[in-house]
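Participant: File coords18.cif follows (mmCIF, N, CA and C atoms):
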```cif
data_upload
loop_
_atom_site.label_atom_id
_atom_site.label_comp_id
_atom_site.auth_asym_id
_atom_site.auth_seq_id
_atom_site.Cartn_x
_atom_site.Cartn_y
_atom_site.Cartn_z
N ALA A 211 -8.09 12.22 17.06
CA ALA A 211 -9.51 11.87 16.97
C ALA A 211 -9.67 10.39 17.22
N ASN A 212 -10.76 10.05 17.88
CA ASN A 212 -11.05 8.65 18.16
C ASN A 212 -11.99 8.13 17.09
N ASN A 213 -11.46 7.32 16.19
CA ASN A 213 -12.25 6.79 15.08
C ASN A 213 -12.64 5.34 15.31
N THR A 214 -12.51 4.83 16.53
CA THR A 214 -12.75 3.41 16.76
C THR A 214 -14.19 3.00 16.52
N HIS A 215 -15.14 3.92 16.59
CA HIS A 215 -16.55 3.57 16.37
C HIS A 215 -16.95 3.65 14.90
N LEU A 216 -16.06 4.09 14.04
CA LEU A 216 -16.38 4.22 12.62
C LEU A 216 -15.97 2.96 11.86
N SER A 217 -16.75 2.61 10.87
CA SER A 217 -16.40 1.46 10.03
C SER A 217 -15.35 1.90 9.01
N PRO A 218 -14.64 0.93 8.38
CA PRO A 218 -13.69 1.30 7.32
C PRO A 218 -14.35 2.10 6.20
N GLU A 219 -15.62 1.79 5.89
CA GLU A 219 -16.30 2.54 4.85
C GLU A 219 -16.42 4.01 5.23
N GLU A 220 -16.68 4.27 6.51
CA GLU A 220 -16.83 5.64 6.97
C GLU A 220 -15.49 6.36 7.07
N THR A 221 -14.43 5.62 7.33
CA THR A 221 -13.13 6.25 7.52
C THR A 221 -12.29 6.28 6.26
N CYS A 222 -12.71 5.61 5.22
CA CYS A 222 -11.97 5.61 3.96
C CYS A 222 -12.49 6.72 3.04
N ILE A 223 -12.85 7.86 3.60
CA ILE A 223 -13.42 8.93 2.80
C ILE A 223 -12.41 9.50 1.81
N GLY A 224 -11.13 9.36 2.08
CA GLY A 224 -10.12 9.84 1.15
C GLY A 224 -10.17 9.15 -0.19
N VAL A 225 -10.71 7.94 -0.20
CA VAL A 225 -10.85 7.20 -1.46
C VAL A 225 -11.77 7.97 -2.40
N GLU A 226 -12.97 8.32 -1.91
CA GLU A 226 -13.94 9.01 -2.75
C GLU A 226 -13.59 10.48 -2.96
N GLU A 227 -13.01 11.09 -1.96
CA GLU A 227 -12.77 12.53 -2.03
C GLU A 227 -11.44 12.92 -2.67
N VAL A 228 -10.48 11.99 -2.69
CA VAL A 228 -9.15 12.34 -3.21
C VAL A 228 -8.70 11.38 -4.30
N LEU A 229 -8.58 10.10 -3.97
CA LEU A 229 -7.96 9.15 -4.89
C LEU A 229 -8.77 8.90 -6.16
N GLU A 230 -10.06 8.61 -6.01
CA GLU A 230 -10.88 8.34 -7.19
C GLU A 230 -10.98 9.54 -8.12
N PRO A 231 -11.18 10.77 -7.60
CA PRO A 231 -11.19 11.92 -8.52
C PRO A 231 -9.85 12.12 -9.23
N MET A 232 -8.75 11.88 -8.52
CA MET A 232 -7.45 12.02 -9.18
C MET A 232 -7.32 11.01 -10.32
N ALA A 233 -7.70 9.76 -10.05
CA ALA A 233 -7.61 8.72 -11.08
C ALA A 233 -8.51 9.06 -12.28
N ARG A 234 -9.73 9.53 -11.99
CA ARG A 234 -10.65 9.91 -13.08
C ARG A 234 -10.09 11.05 -13.93
N ASN A 235 -9.27 11.88 -13.32
CA ASN A 235 -8.70 13.02 -14.03
C ASN A 235 -7.33 12.72 -14.64
N GLY A 236 -7.01 11.45 -14.76
CA GLY A 236 -5.83 11.05 -15.51
C GLY A 236 -4.55 10.86 -14.71
N TYR A 237 -4.59 11.07 -13.41
CA TYR A 237 -3.39 10.84 -12.61
C TYR A 237 -3.12 9.34 -12.51
N GLU A 238 -1.85 8.96 -12.59
CA GLU A 238 -1.47 7.59 -12.31
C GLU A 238 -1.10 7.55 -10.84
N LEU A 239 -1.72 6.63 -10.10
CA LEU A 239 -1.49 6.54 -8.67
C LEU A 239 -0.79 5.22 -8.36
N TYR A 240 0.31 5.30 -7.65
CA TYR A 240 1.10 4.13 -7.32
C TYR A 240 1.20 4.00 -5.80
N PHE A 241 0.79 2.84 -5.28
CA PHE A 241 0.93 2.57 -3.85
C PHE A 241 2.37 2.11 -3.62
N LEU A 242 3.05 2.77 -2.71
CA LEU A 242 4.43 2.40 -2.42
C LEU A 242 4.43 1.37 -1.30
N GLU A 243 5.59 1.08 -0.76
CA GLU A 243 5.70 0.05 0.27
C GLU A 243 4.88 0.40 1.51
N SER A 244 4.38 -0.63 2.17
CA SER A 244 3.68 -0.43 3.43
C SER A 244 4.67 0.09 4.47
N GLN A 245 4.16 0.96 5.32
CA GLN A 245 4.98 1.56 6.38
C GLN A 245 4.32 1.27 7.72
N THR A 246 5.10 1.36 8.78
CA THR A 246 4.56 1.14 10.11
C THR A 246 5.20 2.09 11.12
N HIS A 247 4.44 2.42 12.13
CA HIS A 247 4.93 3.25 13.22
C HIS A 247 6.04 2.49 13.95
N PRO A 248 7.08 3.18 14.42
CA PRO A 248 8.19 2.49 15.09
C PRO A 248 7.79 1.70 16.34
N ARG A 249 6.66 2.05 16.95
CA ARG A 249 6.22 1.32 18.14
C ARG A 249 5.08 0.35 17.85
N SER A 250 4.84 0.07 16.58
CA SER A 250 3.78 -0.87 16.24
C SER A 250 4.20 -2.28 16.66
N PRO A 251 3.23 -3.14 16.94
CA PRO A 251 3.56 -4.53 17.31
C PRO A 251 4.42 -5.24 16.27
N ILE A 252 4.15 -4.99 15.00
CA ILE A 252 4.95 -5.63 13.94
C ILE A 252 6.39 -5.16 14.00
N LYS A 253 6.61 -3.86 14.15
CA LYS A 253 7.98 -3.32 14.20
C LYS A 253 8.72 -3.85 15.42
N ILE A 254 8.04 -3.92 16.55
CA ILE A 254 8.67 -4.44 17.78
C ILE A 254 9.05 -5.91 17.60
N LEU A 255 8.15 -6.69 17.00
CA LEU A 255 8.44 -8.10 16.75
C LEU A 255 9.64 -8.25 15.82
N GLU A 256 9.70 -7.43 14.78
CA GLU A 256 10.84 -7.48 13.85
C GLU A 256 12.15 -7.20 14.57
N GLU A 257 12.14 -6.22 15.46
CA GLU A 257 13.37 -5.80 16.14
C GLU A 257 13.84 -6.81 17.18
N HIS A 258 12.94 -7.67 17.65
CA HIS A 258 13.32 -8.65 18.67
C HIS A 258 13.48 -10.06 18.11
N THR A 259 13.52 -10.18 16.80
CA THR A 259 13.67 -11.47 16.15
C THR A 259 14.98 -11.46 15.38
N ARG A 260 15.74 -12.55 15.51
CA ARG A 260 17.00 -12.67 14.77
C ARG A 260 16.94 -13.92 13.91
N PRO A 261 17.36 -13.92 12.67
CA PRO A 261 17.70 -12.70 11.94
C PRO A 261 16.47 -11.83 11.78
N ARG A 262 16.70 -10.56 11.63
CA ARG A 262 15.61 -9.58 11.60
C ARG A 262 14.76 -9.76 10.33
N PRO A 263 13.51 -10.19 10.49
CA PRO A 263 12.63 -10.36 9.32
C PRO A 263 11.99 -9.04 8.90
N ASN A 264 11.40 -9.04 7.73
CA ASN A 264 10.61 -7.89 7.29
C ASN A 264 9.17 -8.37 7.23
N ILE A 265 8.56 -8.45 8.40
CA ILE A 265 7.21 -9.01 8.53
C ILE A 265 6.20 -8.21 7.73
N LEU A 266 6.27 -6.88 7.83
CA LEU A 266 5.31 -6.04 7.13
C LEU A 266 5.39 -6.24 5.62
N LYS A 267 6.60 -6.37 5.10
CA LYS A 267 6.77 -6.58 3.66
C LYS A 267 6.14 -7.92 3.25
N ASP A 268 6.34 -8.95 4.07
CA ASP A 268 5.76 -10.25 3.77
C ASP A 268 4.23 -10.20 3.81
N ILE A 269 3.69 -9.56 4.84
CA ILE A 269 2.24 -9.43 4.97
C ILE A 269 1.66 -8.64 3.80
N SER A 270 2.40 -7.62 3.35
CA SER A 270 1.92 -6.72 2.30
C SER A 270 1.92 -7.33 0.91
N ALA A 271 2.55 -8.47 0.76
CA ALA A 271 2.67 -9.07 -0.57
C ALA A 271 1.32 -9.32 -1.23
N ASP A 272 0.30 -9.59 -0.42
CA ASP A 272 -1.02 -9.88 -0.97
C ASP A 272 -2.04 -8.79 -0.72
N ARG A 273 -1.58 -7.58 -0.46
CA ARG A 273 -2.54 -6.51 -0.18
C ARG A 273 -3.30 -6.16 -1.47
N PRO A 274 -4.54 -5.70 -1.33
CA PRO A 274 -5.34 -5.35 -2.50
C PRO A 274 -4.72 -4.19 -3.29
N LEU A 275 -5.06 -4.12 -4.54
CA LEU A 275 -4.53 -3.05 -5.38
C LEU A 275 -5.57 -1.99 -5.71
N ASP A 276 -6.82 -2.21 -5.26
CA ASP A 276 -7.84 -1.19 -5.50
C ASP A 276 -7.88 -0.25 -4.30
N PHE A 277 -8.34 0.98 -4.50
CA PHE A 277 -8.30 2.01 -3.47
C PHE A 277 -9.03 1.60 -2.19
N ARG A 278 -10.28 1.26 -2.32
CA ARG A 278 -11.08 0.95 -1.13
C ARG A 278 -10.59 -0.33 -0.46
N GLY A 279 -10.25 -1.33 -1.26
CA GLY A 279 -9.73 -2.58 -0.70
C GLY A 279 -8.46 -2.36 0.08
N LEU A 280 -7.58 -1.51 -0.44
CA LEU A 280 -6.33 -1.22 0.25
C LEU A 280 -6.59 -0.48 1.55
N CYS A 281 -7.50 0.47 1.52
CA CYS A 281 -7.85 1.21 2.73
C CYS A 281 -8.38 0.25 3.79
N ARG A 282 -9.29 -0.61 3.40
CA ARG A 282 -9.84 -1.59 4.35
C ARG A 282 -8.75 -2.52 4.85
N TRP A 283 -7.83 -2.90 3.98
CA TRP A 283 -6.75 -3.81 4.36
C TRP A 283 -5.92 -3.21 5.50
N TYR A 284 -5.65 -1.91 5.43
CA TYR A 284 -4.89 -1.27 6.51
C TYR A 284 -5.70 -1.24 7.81
N TYR A 285 -7.00 -1.03 7.73
CA TYR A 285 -7.83 -1.08 8.94
C TYR A 285 -7.83 -2.50 9.52
N ASP A 286 -7.90 -3.51 8.66
CA ASP A 286 -7.85 -4.89 9.14
C ASP A 286 -6.50 -5.20 9.79
N LEU A 287 -5.43 -4.68 9.20
CA LEU A 287 -4.10 -4.87 9.76
C LEU A 287 -4.01 -4.23 11.15
N GLU A 288 -4.60 -3.05 11.27
CA GLU A 288 -4.62 -2.34 12.56
C GLU A 288 -5.39 -3.16 13.60
N THR A 289 -6.47 -3.81 13.19
CA THR A 289 -7.25 -4.64 14.10
C THR A 289 -6.47 -5.89 14.52
N LYS A 290 -5.76 -6.47 13.56
CA LYS A 290 -5.00 -7.69 13.83
C LYS A 290 -3.76 -7.41 14.68
N TYR A 291 -3.13 -6.27 14.47
CA TYR A 291 -1.91 -5.90 15.21
C TYR A 291 -2.11 -4.52 15.84
N PRO A 292 -2.98 -4.44 16.84
CA PRO A 292 -3.26 -3.12 17.44
C PRO A 292 -2.11 -2.64 18.33
N ALA A 293 -2.05 -1.35 18.49
CA ALA A 293 -1.06 -0.74 19.39
C ALA A 293 -1.79 0.07 20.43
N LYS A 294 -1.26 0.08 21.62
CA LYS A 294 -1.88 0.87 22.69
C LYS A 294 -1.58 2.34 22.46
N GLY A 295 -2.58 3.17 22.63
CA GLY A 295 -2.36 4.61 22.62
C GLY A 295 -2.50 5.33 21.30
N TYR A 296 -2.59 4.62 20.21
CA TYR A 296 -2.76 5.31 18.93
C TYR A 296 -3.41 4.37 17.92
N LYS A 297 -3.94 4.99 16.88
CA LYS A 297 -4.52 4.24 15.76
C LYS A 297 -3.77 4.62 14.49
N MET A 298 -3.96 3.82 13.50
CA MET A 298 -3.35 4.02 12.17
C MET A 298 -1.83 4.03 12.25
N GLY A 299 -1.30 2.95 12.77
CA GLY A 299 0.15 2.77 12.82
C GLY A 299 0.69 2.12 11.56
N TYR A 300 -0.19 1.92 10.55
CA TYR A 300 0.20 1.29 9.29
C TYR A 300 -0.36 2.11 8.14
N TRP A 301 0.44 2.28 7.09
CA TRP A 301 0.00 3.09 5.96
C TRP A 301 0.88 2.84 4.75
N THR A 302 0.52 3.45 3.65
CA THR A 302 1.37 3.47 2.47
C THR A 302 1.39 4.89 1.93
N ASP A 303 2.51 5.26 1.37
CA ASP A 303 2.56 6.52 0.64
C ASP A 303 2.04 6.24 -0.77
N ILE A 304 1.51 7.25 -1.39
CA ILE A 304 0.99 7.11 -2.75
C ILE A 304 1.70 8.13 -3.63
N LEU A 305 2.28 7.64 -4.69
CA LEU A 305 2.94 8.51 -5.66
C LEU A 305 1.92 8.84 -6.74
N ALA A 306 1.61 10.12 -6.92
CA ALA A 306 0.66 10.56 -7.94
C ALA A 306 1.43 11.25 -9.06
N VAL A 307 1.22 10.76 -10.27
CA VAL A 307 1.89 11.33 -11.43
C VAL A 307 0.84 12.01 -12.30
N ALA A 308 1.01 13.30 -12.52
CA ALA A 308 0.06 14.07 -13.31
C ALA A 308 0.04 13.57 -14.75
N PRO A 309 -1.12 13.69 -15.41
CA PRO A 309 -1.25 13.19 -16.78
C PRO A 309 -0.26 13.84 -17.75
N ASP A 310 0.10 15.06 -17.51
CA ASP A 310 1.02 15.75 -18.44
C ASP A 310 2.43 15.85 -17.89
N ALA A 311 2.77 15.02 -16.90
CA ALA A 311 4.11 15.07 -16.29
C ALA A 311 5.17 14.69 -17.31
N ASN A 312 6.26 15.44 -17.31
CA ASN A 312 7.39 15.18 -18.19
C ASN A 312 8.65 15.20 -17.34
N PHE A 313 9.25 14.03 -17.20
CA PHE A 313 10.46 13.93 -16.39
C PHE A 313 11.72 13.86 -17.24
N GLY A 314 11.59 14.14 -18.51
CA GLY A 314 12.71 13.99 -19.43
C GLY A 314 13.98 14.69 -19.03
N ASP A 315 13.91 15.91 -18.52
CA ASP A 315 15.12 16.63 -18.18
C ASP A 315 15.29 16.82 -16.68
N SER A 316 14.54 16.10 -15.90
CA SER A 316 14.60 16.25 -14.45
C SER A 316 15.73 15.42 -13.87
N THR A 317 16.51 16.01 -12.98
CA THR A 317 17.57 15.27 -12.29
C THR A 317 17.05 14.64 -11.01
N ALA A 318 15.84 14.99 -10.60
CA ALA A 318 15.29 14.46 -9.35
C ALA A 318 15.14 12.94 -9.40
N LEU A 319 14.87 12.40 -10.58
CA LEU A 319 14.67 10.97 -10.69
C LEU A 319 15.95 10.17 -10.51
N THR A 320 17.10 10.82 -10.51
CA THR A 320 18.35 10.09 -10.35
C THR A 320 18.74 9.96 -8.88
N THR A 321 18.02 10.59 -7.98
CA THR A 321 18.38 10.47 -6.57
C THR A 321 18.07 9.08 -6.05
N GLU A 322 18.77 8.67 -5.02
CA GLU A 322 18.57 7.35 -4.43
C GLU A 322 17.12 7.16 -3.98
N PHE A 323 16.53 8.20 -3.41
CA PHE A 323 15.15 8.12 -2.94
C PHE A 323 14.20 7.78 -4.08
N MET A 324 14.28 8.52 -5.16
CA MET A 324 13.36 8.29 -6.27
C MET A 324 13.63 6.95 -6.95
N MET A 325 14.88 6.56 -7.02
CA MET A 325 15.18 5.27 -7.64
C MET A 325 14.57 4.13 -6.81
N ASP A 326 14.62 4.27 -5.50
CA ASP A 326 14.00 3.27 -4.64
C ASP A 326 12.49 3.23 -4.88
N LYS A 327 11.86 4.40 -4.99
CA LYS A 327 10.42 4.46 -5.22
C LYS A 327 10.06 3.89 -6.59
N ILE A 328 10.87 4.17 -7.57
CA ILE A 328 10.62 3.64 -8.92
C ILE A 328 10.72 2.12 -8.91
N GLN A 329 11.72 1.59 -8.20
CA GLN A 329 11.86 0.14 -8.10
C GLN A 329 10.64 -0.47 -7.41
N THR A 330 10.15 0.19 -6.38
CA THR A 330 8.96 -0.29 -5.68
C THR A 330 7.76 -0.29 -6.62
N ILE A 331 7.61 0.77 -7.38
CA ILE A 331 6.50 0.86 -8.34
C ILE A 331 6.61 -0.26 -9.38
N GLN A 332 7.81 -0.51 -9.87
CA GLN A 332 7.99 -1.56 -10.86
C GLN A 332 7.62 -2.93 -10.28
N THR A 333 8.01 -3.17 -9.05
CA THR A 333 7.67 -4.43 -8.39
C THR A 333 6.16 -4.56 -8.24
N LEU A 334 5.50 -3.49 -7.82
CA LEU A 334 4.05 -3.53 -7.65
C LEU A 334 3.35 -3.72 -8.99
N ASN A 335 3.85 -3.08 -10.03
CA ASN A 335 3.24 -3.24 -11.35
C ASN A 335 3.40 -4.68 -11.86
N LYS A 336 4.57 -5.28 -11.61
CA LYS A 336 4.78 -6.67 -12.00
C LYS A 336 3.80 -7.58 -11.27
N ARG A 337 3.62 -7.33 -9.98
CA ARG A 337 2.70 -8.13 -9.18
C ARG A 337 1.27 -7.97 -9.69
N LYS A 338 0.90 -6.75 -10.05
CA LYS A 338 -0.43 -6.48 -10.57
C LYS A 338 -0.65 -7.24 -11.88
N GLU A 339 0.34 -7.21 -12.77
CA GLU A 339 0.23 -7.91 -14.04
C GLU A 339 0.15 -9.43 -13.82
N GLU A 340 0.91 -9.94 -12.86
CA GLU A 340 0.88 -11.36 -12.55
C GLU A 340 -0.50 -11.76 -12.04
N ARG A 341 -1.09 -10.93 -11.19
CA ARG A 341 -2.45 -11.21 -10.69
C ARG A 341 -3.46 -11.21 -11.83
N LYS A 342 -3.34 -10.25 -12.74
CA LYS A 342 -4.26 -10.21 -13.89
C LYS A 342 -4.13 -11.48 -14.73
N ARG A 343 -2.88 -11.91 -14.95
CA ARG A 343 -2.64 -13.10 -15.74
C ARG A 343 -3.27 -14.33 -15.07
N LYS A 344 -3.08 -14.45 -13.75
CA LYS A 344 -3.65 -15.58 -13.01
C LYS A 344 -5.17 -15.53 -13.02
N ASP A 345 -5.73 -14.33 -12.89
CA ASP A 345 -7.19 -14.19 -12.94
C ASP A 345 -7.73 -14.63 -14.29
N LYS A 346 -7.04 -14.27 -15.37
CA LYS A 346 -7.46 -14.68 -16.71
C LYS A 346 -7.40 -16.19 -16.85
N GLU A 347 -6.32 -16.79 -16.31
CA GLU A 347 -6.18 -18.24 -16.38
C GLU A 347 -7.32 -18.93 -15.61
N ARG A 348 -7.62 -18.42 -14.43
CA ARG A 348 -8.70 -19.00 -13.63
C ARG A 348 -10.05 -18.86 -14.36
N ALA A 349 -10.28 -17.72 -14.94
CA ALA A 349 -11.53 -17.49 -15.66
C ALA A 349 -11.63 -18.43 -16.85
N LYS A 350 -10.52 -18.63 -17.51
CA LYS A 350 -10.48 -19.53 -18.67
C LYS A 350 -10.78 -20.96 -18.24
N GLN A 351 -10.20 -21.38 -17.12
CA GLN A 351 -10.43 -22.75 -16.62
C GLN A 351 -11.87 -22.93 -16.16
N THR A 352 -12.44 -21.89 -15.54
CA THR A 352 -13.80 -21.95 -15.06
C THR A 352 -14.80 -22.02 -16.20
N SER A 353 -14.56 -21.23 -17.24
CA SER A 353 -15.51 -21.18 -18.36
C SER A 353 -15.29 -22.30 -19.36
N GLY A 354 -14.11 -22.88 -19.37
CA GLY A 354 -13.79 -23.88 -20.39
C GLY A 354 -13.84 -25.25 -19.93
#
```
So that I can check it, write out the structure of this file as structure tokens.
Facilitator:
Amino acid sequence: ANNTHLSPEETCIGVEEVLEPMARNGYELYFLESQTHPRSPIKILEEHTRPRPNILKDISADRPLDFRGLCRWYYDLETKYPAKGYKMGYWTDILAVAPDANFGDSTALTTEFMMDKIQTIQTLNKRKEERKRKDKERAKQTSG
């Protein structure tokens, strides 16, 4: 589908139809690492630069943590680093944890894949807490 004529507000319908209802119903939603299509301009630049940088990871360090902001951020990234022939070459996976999830006896969490995702979640949570702390400090300085 050609979505080039739609605004991010019009194309971020998954926020209202999926993510926000899940969050309202008690699901914990975690944005994992940003991903890119193998033929995206960022991936091509990474592969032709030595030593090989992780440009997408660096760019993603300041991505928004709210649903709509994150959706818009990916559209802005697509505009800044467009690829010929396709759209949405950048995305994130979202890990949704049900409110009553119990992983106590699950062996799935010990796999390398899940451990990597858990580490990513921990990093994102630390970043989120750091942003909250900085916001509080700024608010304190502004009001005081």
Participant: Expand the PyMOL selection byres ((chain A and resi 227-243) around 6.5) into the individual residues it matches in the shown file, reporting them as a ChimeraX atom specification.
Facilitator: /A:223-226,244-245,301-309,330-331
Participant: Within 10 Å of Pro248 (chain A), counting only C-alpha atoms, which residues show up once you throw out same-chain ones fewer than 6 positions away? Write them as number ranges by chain, please.
Facilitator: A: 254, 257, 299-300
Participant: Could you give me the residues within chain A that DSSP places in alpha helix (DSSP H), as a PyMOL selection string?
Facilitator: chain A and resi 218-221+223-224+230-234+251-257+265-270+277-290+322-353
Participant: One decimal, in Å: what's the spacing between atom N of Met298 (chain A) and atom C of Arg249 (chain A)?
Facilitator: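 Taking atom N of Met298 (chain A) and atom C of Arg249 (chain A), their separation equals 10.6 Å.
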Participant: Quick check on the file I pasted: which residues fall under the PyMOL selection byres ((chain A and resi 284) around 8)? Write them as a list in words.
Facilitator: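 Residues picked by the PyMOL selection byres ((chain A and resi 284) around 8): Arg273, Pro274, Arg278, Gly279, Leu280, Cys281, Arg282, Trp283, Tyr285, Asp286, Leu287, Glu288, Thr289, Lys290, Met298, Gly299, Tyr300, Trp301 and Thr302 of chain A.
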